[in-house]
Amino acid sequence: ASHVRAVGSAEHPVVIAHRGASAYAPENTLAAVDKAASLGIGWVENDVQRTNDGELVVVHDDSLARTTDVEQVFPDRAPWKVKDFTAAEIARLDAGSWFGSGYAGTRVPTLEQYLRRVEAHHQKLLLEIKNPELYPGIERQILKVLANEGWLDRAHVGGRLVVQSFNADSLRTVHELKPGIRTGFLGRPAVADLPAYARFTDLVNPSATSLSLGYVAAVHAVTGPHGRPLGVFTWTVDDAAGARRVAGYGVNGVITNKPDVVRDALKGR
Ligand code: G3P
Ligand code: CA
């Protein structure tokens with residue numbers, strides 16, 4: 001289906017704000033989306049998990065302890081797993097004070113709230129399905145929220161959505177349910193295995209530490225499920241030299257906590 005657009009290019013890799021502009025605002029919050037927008041960054045990355053009562057929320061760790069005040073609010077609920085709290089309980093938590101007092105009162109967003117903010121800024125979204133093995137059926141549920149919020153149209157027509165995961169089964173499920181959505185596998189499959197991944201993933205997204213010129217070329221040499229060469233988004237690159245290195249390898253996108261630094265490093269290449 002050639003209507004599914006390519007994303008980024010070796011000449012012009014896209015810059016993706018990792019968990020939002022997370023060097024400058026608390027990760028995976030609306031404030032981090034706003035910060036990316038104010039820096040003029042067109043792509044944000046997030047992490048989606050599920051509450052005890054089935055709400056989709058944007059948070060990275062499987063525990064709430066690192067990025068919220070959950071230990072103070074619910075001292076008896078160790079180890080404070082996302083899946084053990086209701087949406088109403090999570091809505092009471094402060095997800096900003098740990099980062100800086102200026103962010104006190106910042107909340108853990110629901111996926112719906114998050115999508116609306118990204119849309120308000122006309123940004124593009126790299127949505128990570130985090131720990132899907134903990135949340136059976138989460139793929140179908142995410143697709144339903146995306147559909148309700150108009151994001152499937154944006155995905156198809158505008159090329160504004162990529163769904164990624166470290167879990168290949170989860171991506172295969174997304175591809176089977178909605179073949180028009182672009183997907184990205186987080187990891188670095190052996191070159192011999194790339195054609196098998198290319199049945200269900202459009203991008204291969206390896207850690208920058210594991211990347212080489214040869215590997216990027218090997219990925220680009222394989223055709224993905226929408227008839228285009230597989231792409232590469234790499235993570236997490238926060239310095240100018242690193243950004244120029246991976247851009248020199250020909251990656252399609254750079255995932256970074258400091259999107260302004262990476263954008264400026266890649267200017268005028
Ligand atoms: O987008 C790539 C990166 O987010 C994967 O690692 O742990 O930050 O979700 P992590
Ligand atoms: Ca992530």
# chains A, B, ... in the order shown; residues from 1 in each chain; ligands from 1
>>> residues_near_ligand(ligand="ligand 1", cutoff="8 Å", atoms="only C-alpha atoms and all ligand atoms", output="JSON, numbers by chain")
{"A": [18, 19, 45, 46, 47, 60, 126, 128, 130, 164, 166, 186, 205, 207, 234, 235, 236, 255]}
>>> write_last_selection(atoms="C-alpha atoms", output="PDB file, in the first residue's frame")
ATOM      1  CA  HIS A  18      12.200  11.486  23.519  1.00  0.00           C
ATOM      2  CA  ARG A  19       9.394  11.281  26.114  1.00  0.00           C
ATOM      3  CA  GLU A  45       7.920  10.039  21.475  1.00  0.00           C
ATOM      4  CA  ASN A  46       5.939   8.607  24.388  1.00  0.00           C
ATOM      5  CA  ASP A  47       5.343   5.364  26.317  1.00  0.00           C
ATOM      6  CA  HIS A  60       7.706   5.059  31.012  1.00  0.00           C
ATOM      7  CA  LEU A 126       6.120   8.037  17.839  1.00  0.00           C
ATOM      8  CA  GLU A 128       5.697   3.231  22.114  1.00  0.00           C
ATOM      9  CA  LYS A 130       5.618  -0.262  26.656  1.00  0.00           C
ATOM     10  CA  GLN A 164       6.938   1.198  18.066  1.00  0.00           C
ATOM     11  CA  PHE A 166      10.567  -3.711  21.857  1.00  0.00           C
ATOM     12  CA  LEU A 186      12.983  -1.259  18.925  1.00  0.00           C
ATOM     13  CA  ASN A 205      15.045   1.411  15.736  1.00  0.00           C
ATOM     14  CA  SER A 207      20.239   2.040  20.222  1.00  0.00           C
ATOM     15  CA  THR A 234      17.966   5.649  16.588  1.00  0.00           C
ATOM     16  CA  TRP A 235      18.095   6.528  20.291  1.00  0.00           C
ATOM     17  CA  THR A 236      19.023   8.280  22.527  1.00  0.00           C
ATOM     18  CA  ILE A 255      15.369  10.268  19.102  1.00  0.00           C
TER      19      ILE A 255
END
>>> select_by_dssp(residues="region 47-248 of chain A", states="strand (DSSP E)", output="VMD selection string")
chain A and resid 47 to 50 56 to 58 124 to 129 161 to 165 182 to 186 203 to 205 233 to 234
>>> residues_around(residues="region 210-217 of chain A", least_positions_apart="5", cutoff="7 Å", atoms="only C-alpha atoms", output="PyMOL selection string")
chain A and resi 232+249-251
>>> write_last_selection(atoms="N, CA and C atoms", output="mmCIF file, in the first residue's frame")
data_model
loop_
_atom_site.group_PDB
_atom_site.id
_atom_site.type_symbol
_atom_site.label_atom_id
_atom_site.label_comp_id
_atom_site.auth_asym_id
_atom_site.auth_seq_id
_atom_site.Cartn_x
_atom_site.Cartn_y
_atom_site.Cartn_z
ATOM 1 N N VAL A 232 15.261 3.763 9.686
ATOM 2 C CA VAL A 232 15.955 3.634 10.975
ATOM 3 C C VAL A 232 15.758 4.910 11.786
ATOM 4 N N TYR A 249 25.596 8.072 9.241
ATOM 5 C CA TYR A 249 25.240 6.684 8.911
ATOM 6 C C TYR A 249 23.997 6.613 8.031
ATOM 7 N N GLY A 250 23.287 7.746 7.924
ATOM 8 C CA GLY A 250 22.102 7.759 7.061
ATOM 9 C C GLY A 250 20.808 7.402 7.747
ATOM 10 N N VAL A 251 20.732 7.586 9.084
ATOM 11 C CA VAL A 251 19.473 7.256 9.770
ATOM 12 C C VAL A 251 18.346 8.183 9.303
#
>>> residues_around(residues="Asp53 (chain A)", least_positions_apart="6", cutoff="10 Å", atoms="only C-alpha atoms", output="VMD selection string")
chain A and resid 83 to 88
>>> write_last_selection(atoms="C-alpha atoms", output="tab-separated table (two decimals), in the first residue's frame")
chain	number	residue	atom	x	y	z
A	83	LYS	CA	-1.17	-1.85	36.54
A	84	ASP	CA	-2.15	-1.89	40.24
A	85	PHE	CA	-3.56	1.67	40.32
A	86	THR	CA	-6.83	3.03	38.98
A	87	ALA	CA	-6.93	5.97	36.61
A	88	ALA	CA	-8.51	8.10	39.34
>>> atom_distance(atom1="CA of Gly224 (chain A)", atom2="CA of Val14 (chain A)")
19.0 Å
>>> residues_around(residues="Phe99 (chain A)", least_positions_apart="3", cutoff="10 Å", atoms="only C-alpha atoms", output="VMD selection string")
chain A and resid 22 to 27 67 to 68 95 to 96 102 to 104
>>> select_by_dssp(residues="region 92-147 of chain A", states="helix (DSSP H, G or I)", output="VMD selection string")
chain A and resid 101 to 103 111 to 120 132 to 134 138 to 147
>>> closest_residue(among="A:Leu93, A:Val15, A:Ile138, A:Ala168", to="Ala265 (chain A)", atoms="only C-alpha atoms")
A:Val15
>>> residues_around(residues="Asn148 (chain A)", least_positions_apart="5", cutoff="12 Å", atoms="only C-alpha atoms", output="number ranges by chain")
A: 111-112, 115-116, 141-143, 153-154
>>> write_last_selection(atoms="N, CA and C atoms", output="tab-separated table (two decimals), in the first residue's frame")
chain	number	residue	atom	x	y	z
A	111	LEU	N	-3.73	8.63	27.55
A	111	LEU	CA	-3.37	8.65	26.12
A	111	LEU	C	-4.24	9.65	25.37
A	112	GLU	N	-5.52	9.68	25.73
A	112	GLU	CA	-6.44	10.60	25.05
A	112	GLU	C	-6.00	12.06	25.23
A	115	LEU	N	-2.83	12.65	23.15
A	115	LEU	CA	-3.08	12.77	21.71
A	115	LEU	C	-3.66	14.15	21.36
A	116	ARG	N	-4.55	14.62	22.22
A	116	ARG	CA	-5.17	15.94	21.94
A	116	ARG	C	-4.13	17.05	21.99
A	141	GLN	N	-6.81	-1.93	22.05
A	141	GLN	CA	-7.31	-0.80	22.83
A	141	GLN	C	-6.66	0.53	22.39
A	142	ILE	N	-5.37	0.49	22.15
A	142	ILE	CA	-4.67	1.69	21.67
A	142	ILE	C	-5.24	2.11	20.30
A	143	LEU	N	-5.45	1.12	19.44
A	143	LEU	CA	-5.97	1.44	18.11
A	143	LEU	C	-7.36	2.06	18.19
A	153	ASP	N	-6.75	8.48	10.66
A	153	ASP	CA	-6.73	9.31	9.46
A	153	ASP	C	-5.40	10.05	9.35
A	154	ARG	N	-4.96	10.58	10.51
A	154	ARG	CA	-3.69	11.31	10.48
A	154	ARG	C	-2.55	10.36	10.11
>>> residues_around(residues="Ala17 (chain A)", least_positions_apart="2", cutoff="6 Å", atoms="only C-alpha atoms", output="PyMOL selection string")
chain A and resi 20-21+44-45+256-257+259
>>> write_last_selection(atoms="C-alpha atoms", output="JSON list (two decimals), in the first residue's frame")
[["chain", "number", "residue", "atom", "x", "y", "z"],
["A", 20, "GLY", "CA", 8.80, 14.87, 24.96],
["A", 21, "ALA", "CA", 11.61, 17.39, 25.39],
["A", 44, "VAL", "CA", 7.40, 13.53, 20.06],
["A", 45, "GLU", "CA", 7.92, 10.04, 21.48],
["A", 256, "THR", "CA", 16.72, 12.71, 21.68],
["A", 257, "ASN", "CA", 16.05, 14.27, 25.09],
["A", 259, "PRO", "CA", 15.92, 18.03, 20.38]]
>>> atom_distance(atom1="CA of Phe74 (chain A)", atom2="CA of Asn131 (chain A)")
23.1 Å
>>> atom_distance(atom1="CA of Ala208 (chain A)", atom2="CA of Tyr135 (chain A)")
28.2 Å
>>> closest_residue(among="A:Gly100, A:Pro179, A:Gly184, A:Pro109", to="ligand 2", atoms="only C-alpha atoms and all ligand atoms")
A:Gly184
>>> closest_residue(among="A:Gln113, A:Ser165, A:Thr201, A:Ser170", to="ligand 2", atoms="only C-alpha atoms and all ligand atoms")
A:Ser165
